[in-house]
Protein chains: 2
Amino acid sequence: MRVAIVDDDPLVRMGLRAIVSSEDGWDVVGEAGDGAAAVALAAQERPDVMLMDIRMPGVDGLSATREIVASGSATRVLVLTTFEVDEYVFEAMRAGASGFVLKRVPPAELIESVRVVASGESLLFPASTRAVIERFATRGAERLPELSEREEDVLRALARGRSNGEIAAELFVSVETVKSHVASILMKLGVRDRTQAVIVAYESGFVLPGETSERR
Amino acid sequence: MRVAIVDDDPLVRMGLRAIVSSEDGWDVVGEAGDGAAAVALAAQERPDVMLMDIRMPGVDGLSATREIVASGSATRVLVLTTFEVDEYVFEAMRAGASGFVLKRVPPAELIESVRVVASGESLLFPASTRAVIERFATRGAERLPELSEREEDVLRALARGRSNGEIAAELFVSVETVKSHVASILMKLGVRDRTQAVIVAYESGFVLPGETSERR
DNA sequence: GTTCCCCTCCCCCGCACGGGGGAAGGTGGC
DNA sequence: GCCACCTTCCCCCGTGCGGGGGAGGGGAAC
């Protein structure tokens, strides 16, 4: 296992190095103190896993992660943070990090985390997982008003960017029918136009990013 | 710790009961073989954690989870599945489950999982976490074409359901200017109308569900 | 200097969209 | 039997939106 360590604090790097290199067959193949150096290090050493701090002078850890992932590197990035509930968790996920864990976890857990992301899986710390799940659940403010079956069909079509004419063709009905369904949807959702209806569809979880375009 | 077990297979229930009750101070306060019984059980016994199978005859585990969570119960639902990559993970998250783990994990891990969700945190199995992160990252097919700063402002406004006139007022420019920005956005994104632009904004991660409406 | 691109603003045009009416058959509840 | 709702279809009308032309100023690159 070849591990790289990125943190602007030399003390933290030393601590991480001690933990990682204590494991049999594990090597720390390099250290970096900022994002730019991290990108270069990833390209040079091609480590299996890179432990990445977020807050660093110059190029931050998220930008560095984005670059490394975008470069097609096989290196997995495990983001380390100081605070439990870190707003950066979503950004880190979008940047392509394979995991998001606390710096102050017991060494054994950190080792295990590295092993997990190296295996191609991903992992989040419980508090982060909770935040993610809550975003999905949108607990509380969700629930669309009751839409009829046909209206849901039409709303799904709207959320795929279809025009009234296209929806009519897909559902084998006339454009007028589609228009009347759209009008009902707008009224029930309390919105002005199809664009706002699509926004409500996304915000309520009626459709999820990724489930419309990729599947089939 | 008071735990309830929901699974249609008596054998599985026995196995889970054995694991749970082997822990000091932990009690299995009830079992259920289908979703309807699970909802009733949650209301009666108010367990700390409910281990919930998904596939069951009659009312399935997801519907039961939805009901229990919607009822405002303090019971945390930990969803158990047989297969690693289960399409139901997103549904479970949306239903309000606190976790999603494999049935065949070592007993010690299952116990630990129950402890985690009981503490109010959430947890997903690595393979599930990976799927979730990939949905966020939308690795590969993402990246909006380069939009100018102003165009990003306009796209953000579009994603909030604003009309051209409203955007003009918000950005202190004329409607014509907004129209020309919108036209550039449509061209750059390769879409037909503002609705499709909003869809691209969501699908690409340019905006995330939850970040527009709730914040501020 | 020239050459881009961005941002701003303006014109005309056509049409899809949304709002206002309505009407018909089918299903299900009371 | 009546009423409510869904689904389907039709009319008219106004306008917001998108497509097609531009044009001028400013800043960065070269």
# chains A, B, ... in the order shown; residues from 1 in each chain; ligands from 1

$ interface_residues --of "chain A" --to "chain D" --cutoff "9 Å" --atoms "only C-alpha atoms (C1' of nucleotides)" --output "compact mmCIF listing (two decimals) with C-alpha atoms, in the first residue's frame"
# COMPACT_ATOMS: atom_id res chain seq x y z
CA SER A 148 -52.90 11.95 -9.84
CA ARG A 150 -51.32 10.83 -14.95
CA VAL A 173 -52.69 11.82 -26.01
CA SER A 174 -53.40 15.18 -27.58
CA GLU A 176 -54.62 19.75 -25.21
CA THR A 177 -54.71 16.92 -22.73

$ interface_residues --of "chain B" --to "chain A" --cutoff "6 Å" --atoms "only C-alpha atoms" --output "PyMOL selection string"
chain B and resi 93-94+96+121-123+126-127+129-130+133+136-137+161+195-196+203+209

$ closest_atom_pairs --of "chain C" --to "chain B" --cutoff "8 Å" --atoms "only C-alpha atoms (C1' of nucleotides)" --output "CSV"
residue,atom,partner,partner_atom,distance
C:DC6,C1',B:Ser148,CA,7.7
C:DT8,C1',B:Thr177,CA,6.1
C:DC9,C1',B:Thr177,CA,6.4
C:DC10,C1',B:Glu176,CA,7.6

$ write_last_selection --atoms "N, CA, C and O atoms (P, O5', C5', C4', C3', O3' and C1' of nucleotides)" --output "compact mmCIF listing (two decimals), in the first residue's frame"
# COMPACT_ATOMS: atom_id res chain seq x y z
P DC C 6 -17.02 34.61 -23.26
O5' DC C 6 -17.41 35.79 -22.27
C5' DC C 6 -16.46 36.25 -21.33
C4' DC C 6 -16.89 37.61 -20.81
C3' DC C 6 -18.37 37.69 -20.44
O3' DC C 6 -18.49 38.10 -19.08
C1' DC C 6 -17.74 39.53 -21.82
P DT C 8 -24.11 42.89 -17.13
O5' DT C 8 -24.74 43.91 -18.16
C5' DT C 8 -24.26 45.24 -18.23
C4' DT C 8 -24.65 45.89 -19.53
C3' DT C 8 -26.12 45.88 -19.88
O3' DT C 8 -26.78 46.95 -19.27
C1' DT C 8 -24.70 45.60 -21.80
P DC C 9 -28.35 47.03 -19.20
O5' DC C 9 -28.77 47.28 -20.72
C5' DC C 9 -28.53 48.55 -21.32
C4' DC C 9 -28.79 48.46 -22.82
C3' DC C 9 -30.23 48.18 -23.20
O3' DC C 9 -30.91 49.38 -23.45
C1' DC C 9 -28.62 47.11 -24.63
P DC C 10 -32.50 49.36 -23.66
O5' DC C 10 -32.68 48.95 -25.20
C5' DC C 10 -32.22 49.83 -26.21
C4' DC C 10 -32.32 49.18 -27.57
C3' DC C 10 -33.67 48.57 -27.92
O3' DC C 10 -34.49 49.53 -28.55
C1' DC C 10 -31.79 47.30 -28.78

$ select_by_dssp --residues "region 44-206 of chain B" --states "strand (DSSP E or B)" --output "ChimeraX atom specification"
/B:49-53,76-81,99-102,123-124

$ write_last_selection --atoms "N, CA, C and O atoms" --output "PDB file, in the first residue's frame"
ATOM      1  N   VAL B  49     -34.097   1.131  18.318  1.00  0.00           N
ATOM      2  CA  VAL B  49     -33.708   0.822  16.940  1.00  0.00           C
ATOM      3  C   VAL B  49     -34.564  -0.311  16.394  1.00  0.00           C
ATOM      4  O   VAL B  49     -34.878  -1.265  17.114  1.00  0.00           O
ATOM      5  N   MET B  50     -34.944  -0.191  15.160  1.00  0.00           N
ATOM      6  CA  MET B  50     -35.692  -1.261  14.504  1.00  0.00           C
ATOM      7  C   MET B  50     -34.870  -1.785  13.329  1.00  0.00           C
ATOM      8  O   MET B  50     -34.513  -1.029  12.428  1.00  0.00           O
ATOM      9  N   LEU B  51     -34.538  -3.059  13.367  1.00  0.00           N
ATOM     10  CA  LEU B  51     -33.850  -3.701  12.253  1.00  0.00           C
ATOM     11  C   LEU B  51     -34.898  -4.093  11.230  1.00  0.00           C
ATOM     12  O   LEU B  51     -35.819  -4.857  11.544  1.00  0.00           O
ATOM     13  N   MET B  52     -34.788  -3.543  10.019  1.00  0.00           N
ATOM     14  CA  MET B  52     -35.880  -3.663   9.052  1.00  0.00           C
ATOM     15  C   MET B  52     -35.440  -4.302   7.750  1.00  0.00           C
ATOM     16  O   MET B  52     -34.553  -3.789   7.055  1.00  0.00           O
ATOM     17  N   ASP B  53     -36.076  -5.409   7.419  1.00  0.00           N
ATOM     18  CA  ASP B  53     -35.858  -6.021   6.110  1.00  0.00           C
ATOM     19  C   ASP B  53     -36.678  -5.239   5.083  1.00  0.00           C
ATOM     20  O   ASP B  53     -37.685  -4.613   5.425  1.00  0.00           O
ATOM     21  N   ARG B  76     -35.216   4.659  15.549  1.00  0.00           N
ATOM     22  CA  ARG B  76     -34.340   4.731  14.378  1.00  0.00           C
ATOM     23  C   ARG B  76     -34.465   3.448  13.574  1.00  0.00           C
ATOM     24  O   ARG B  76     -34.476   2.356  14.160  1.00  0.00           O
ATOM     25  N   VAL B  77     -34.570   3.577  12.291  1.00  0.00           N
ATOM     26  CA  VAL B  77     -34.707   2.394  11.447  1.00  0.00           C
ATOM     27  C   VAL B  77     -33.377   2.080  10.768  1.00  0.00           C
ATOM     28  O   VAL B  77     -32.795   2.926  10.102  1.00  0.00           O
ATOM     29  N   LEU B  78     -32.928   0.851  10.993  1.00  0.00           N
ATOM     30  CA  LEU B  78     -31.708   0.376  10.333  1.00  0.00           C
ATOM     31  C   LEU B  78     -32.108  -0.677   9.309  1.00  0.00           C
ATOM     32  O   LEU B  78     -32.591  -1.755   9.674  1.00  0.00           O
ATOM     33  N   VAL B  79     -31.950  -0.338   8.039  1.00  0.00           N
ATOM     34  CA  VAL B  79     -32.404  -1.236   6.986  1.00  0.00           C
ATOM     35  C   VAL B  79     -31.361  -2.333   6.725  1.00  0.00           C
ATOM     36  O   VAL B  79     -30.175  -2.045   6.578  1.00  0.00           O
ATOM     37  N   LEU B  80     -31.810  -3.560   6.689  1.00  0.00           N
ATOM     38  CA  LEU B  80     -30.937  -4.698   6.425  1.00  0.00           C
ATOM     39  C   LEU B  80     -31.223  -5.262   5.045  1.00  0.00           C
ATOM     40  O   LEU B  80     -32.382  -5.456   4.674  1.00  0.00           O
ATOM     41  N   THR B  81     -30.184  -5.492   4.262  1.00  0.00           N
ATOM     42  CA  THR B  81     -30.402  -6.102   2.958  1.00  0.00           C
ATOM     43  C   THR B  81     -29.470  -7.270   2.741  1.00  0.00           C
ATOM     44  O   THR B  81     -28.463  -7.421   3.423  1.00  0.00           O
ATOM     45  N   GLY B  99     -29.882   4.028   8.444  1.00  0.00           N
ATOM     46  CA  GLY B  99     -28.734   3.260   7.989  1.00  0.00           C
ATOM     47  C   GLY B  99     -29.142   2.162   7.033  1.00  0.00           C
ATOM     48  O   GLY B  99     -30.326   1.847   6.882  1.00  0.00           O
ATOM     49  N   PHE B 100     -28.142   1.616   6.411  1.00  0.00           N
ATOM     50  CA  PHE B 100     -28.364   0.634   5.360  1.00  0.00           C
ATOM     51  C   PHE B 100     -27.185  -0.328   5.415  1.00  0.00           C
ATOM     52  O   PHE B 100     -26.080   0.030   5.011  1.00  0.00           O
ATOM     53  N   VAL B 101     -27.398  -1.514   5.965  1.00  0.00           N
ATOM     54  CA  VAL B 101     -26.272  -2.437   6.134  1.00  0.00           C
ATOM     55  C   VAL B 101     -26.620  -3.838   5.650  1.00  0.00           C
ATOM     56  O   VAL B 101     -27.787  -4.175   5.452  1.00  0.00           O
ATOM     57  N   LEU B 102     -25.595  -4.647   5.501  1.00  0.00           N
ATOM     58  CA  LEU B 102     -25.754  -6.014   5.039  1.00  0.00           C
ATOM     59  C   LEU B 102     -26.179  -6.936   6.175  1.00  0.00           C
ATOM     60  O   LEU B 102     -25.749  -6.779   7.304  1.00  0.00           O
ATOM     61  N   LEU B 123     -25.500   5.679   9.088  1.00  0.00           N
ATOM     62  CA  LEU B 123     -24.412   4.879   8.544  1.00  0.00           C
ATOM     63  C   LEU B 123     -24.850   4.083   7.335  1.00  0.00           C
ATOM     64  O   LEU B 123     -25.977   3.643   7.222  1.00  0.00           O
ATOM     65  N   LEU B 124     -23.923   3.986   6.411  1.00  0.00           N
ATOM     66  CA  LEU B 124     -24.171   3.208   5.199  1.00  0.00           C
ATOM     67  C   LEU B 124     -23.034   2.228   5.031  1.00  0.00           C
ATOM     68  O   LEU B 124     -21.913   2.495   5.449  1.00  0.00           O
TER      69      LEU B 124
END

$ atom_distance --atom1 "CA of Ile167 (chain B)" --atom2 "CA of Gly190 (chain A)"
20.1 Å

$ select_by_dssp --residues "region 3-134 of chain A" --states "alpha helix (DSSP H)" --output "PyMOL selection string"
chain A and resi 10-21+35-45+61-70+88-95+107-118+126-134

$ residues_around --residues "Ile5 (chain A)" --least-positions-apart "4" --cutoff "8 Å" --atoms "only C-alpha atoms (C1' of nucleotides)" --output "VMD selection string"
chain A and resid 13 16 to 17 28 30 to 32 50 to 52

$ atom_distance --atom1 "CA of Ser73 (chain A)" --atom2 "CA of Val20 (chain A)"
21.4 Å

$ atom_distance --atom1 "CA of Asp8 (chain B)" --atom2 "CA of Met56 (chain B)"
5.7 Å
